[in-house]
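J.: Mind having a look at this structure? Questions to follow.
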Amino acid sequence: MLSKTMAKAISQQITKEFYSAYLYLGMGSYFESETLPGFANWMRIQAQEESAHAMIFFNYLANQGHRADLGAIEAPPQEYSSPLDVFKKTLAHEREVTKSVYHLMEIAVGEKDFATQKFLDWFITEQVEEEANANTLIGKLERIKNSSEGLFMIDNELKTRVFTLPAPLATGA
Ligand code: FEO
């Protein structure tokens, strides 16, 4: 049984996850326009992951007999100055999402809602990975500086990313 406060906060998280999907799709669109198909692929997959995150929260609410209160999704930025700028903004965004997941956990702990604490554990681990992925790419982009050869190599590497259904959806949780 979820409290109204918890259900409302989870609904807000659904909107944030869909905004994340939209943000990364916008970044993907920037990379398409820069003719960097590997980077664009990485962002498309990231957008799919974010939609999946939203659905994990949606399913959790539905399974607990709550209706999701879906909010409006803002338009994402469309302009970036460089791939490094994109990944710095990705990292900043993921740090905000981490704070938001921690906020959900604080509510769950405060309410002694053990089921939601257990549910949120997956997201806490996922956020460590999300921030690490952005950090790794920032490191690579900083190392190559403005070398177009280096950028081409990273672009080729990012072409290989494929979408994997996150565990909570794959197991039908
Ligand atoms: Fe759904 Fe990138 O956190």
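Just so we're on the same page: first chain in the structure tokens is A, next is B, and so on; residues restart at 1 for each chain, and ligands are numbered from 1 in the order they show up.
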Please identify which residues in chain A DSSP calls alpha helix (DSSP H) from the backbone, and express them as JSON, numbers by chain.
T.: {"A": [4, 5, 6, 7, 8, 9, 10, 11, 12, 13, 14, 15, 16, 17, 18, 19, 20, 21, 22, 23, 24, 25, 26, 27, 28, 29, 30, 31, 32, 33, 37, 38, 39, 40, 41, 42, 43, 44, 45, 46, 47, 48, 49, 50, 51, 52, 53, 54, 55, 56, 57, 58, 59, 60, 61, 62, 63, 83, 84, 85, 86, 87, 88, 89, 90, 91, 92, 93, 94, 95, 96, 97, 98, 99, 100, 101, 102, 103, 104, 105, 106, 107, 108, 109, 110, 114, 115, 116, 117, 118, 119, 120, 121, 122, 123, 124, 125, 126, 127, 128, 129, 130, 131, 132, 133, 134, 135, 136, 137, 138, 139, 140, 141, 142, 143, 144, 148, 149, 150, 151, 152, 153, 154, 155, 156, 157, 158, 167, 168, 169, 170]}
J.: Which chain A residues have any atom within 6 Å of an atom of ligand 1, and for each, what is the nearest pair of atoms with distance in Å to one decimal, counting only C-alpha atoms and all ligand atoms, rows sorted by chain and number, as a Markdown table?
T.:
| residue | atom | partner | partner_atom_place_in_ligand_line | distance |
| --- | --- | --- | --- | --- |
| A:Glu17 | CA | ligand 1 | 1 (Fe) | 5.2 |
| A:Glu50 | CA | ligand 1 | 1 (Fe) | 4.7 |
| A:His53 | CA | ligand 1 | 1 (Fe) | 5.3 |
| A:Glu94 | CA | ligand 1 | 2 (Fe) | 5.5 |
| A:Val97 | CA | ligand 1 | 3 (O) | 5.9 |
| A:Glu130 | CA | ligand 1 | 2 (Fe) | 5.6 |
J.: If I take atom CA of Ser100 of chain A and atom CA of Thr5 of chain A, how far is one from the other in Å, to one decimal?
T.: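 According to the coordinates, atom CA of Ser100 of chain A and atom CA of Thr5 of chain A are separated by 14.3 Å.
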J.: Which residues come within 9 Å of Ala134 of chain A, counting only C-alpha atoms, excluding same-chain residues fewer than 3 positions away, as a tab-separated table (two decimals) with C-alpha atoms, in the first residue's frame?
T.:
chain	number	residue	atom	x	y	z
A	87	PHE	CA	28.03	14.91	-22.10
A	88	LYS	CA	28.70	17.56	-19.46
A	90	THR	CA	24.16	14.65	-19.53
A	91	LEU	CA	26.18	14.24	-16.34
A	94	GLU	CA	21.89	12.49	-14.26
A	129	GLU	CA	26.01	3.49	-13.69
A	130	GLU	CA	24.28	6.39	-15.45
A	131	GLU	CA	26.66	8.93	-13.93
A	137	LEU	CA	32.57	9.75	-22.15
A	138	ILE	CA	33.57	13.15	-20.77
A	139	GLY	CA	37.02	11.69	-20.00
J.: Write out as number ranges by chain the residues lying within 9 Å of Gln13 of chain A, counting only C-alpha atoms and excluding same-chain residues fewer than 3 positions away.
T.: A: 8-10, 16-18, 54, 57, 97, 100-101, 104
J.: Between A:Ala72, A:Leu36, A:Leu165, A:Ala92, which has the minimum distance to Leu151 of chain A (counting only C-alpha atoms)?
T.: A:Leu36
J.: Extract, using only C-alpha atoms, all DNA, RNA and protein residues at most 8 Å from segment 19-25 of chain A, discarding same-chain residues fewer than 3 positions from it, and format them as a PyMOL selection string.
T.: chain A and resi 15-16+28-29+43-44+46-51+73-77
J.: To one decimal place, how far is atom CA of Lys140 of chain A from atom CA of Ser33 of chain A in Å?
T.: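 Separation between atom CA of Lys140 of chain A and atom CA of Ser33 of chain A: 21.3 Å.
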J.: Pick the closest to Phe114 of chain A from A:Gly65, A:Arg143, A:Met1, A:Val128: which is it, counting only C-alpha atoms?
T.: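 Of all the options, A:Met1 lies closest to Phe114 of chain A.
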J.: Considering only C-alpha atoms, can you say which of A:Ser147, A:Met55, A:Met6, A:Gly26 comes closest to Pro166 of chain A?
T.: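 Ranked by minimum distance to Pro166 of chain A, first place goes to A:Met55.
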J.: For atom CA of Leu2 of chain A and atom CA of Gly71 of chain A, determine how far apart the two atoms are, in Å to one decimal place.
T.: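 Going from atom CA of Leu2 of chain A over to atom CA of Gly71 of chain A covers 19.4 Å.
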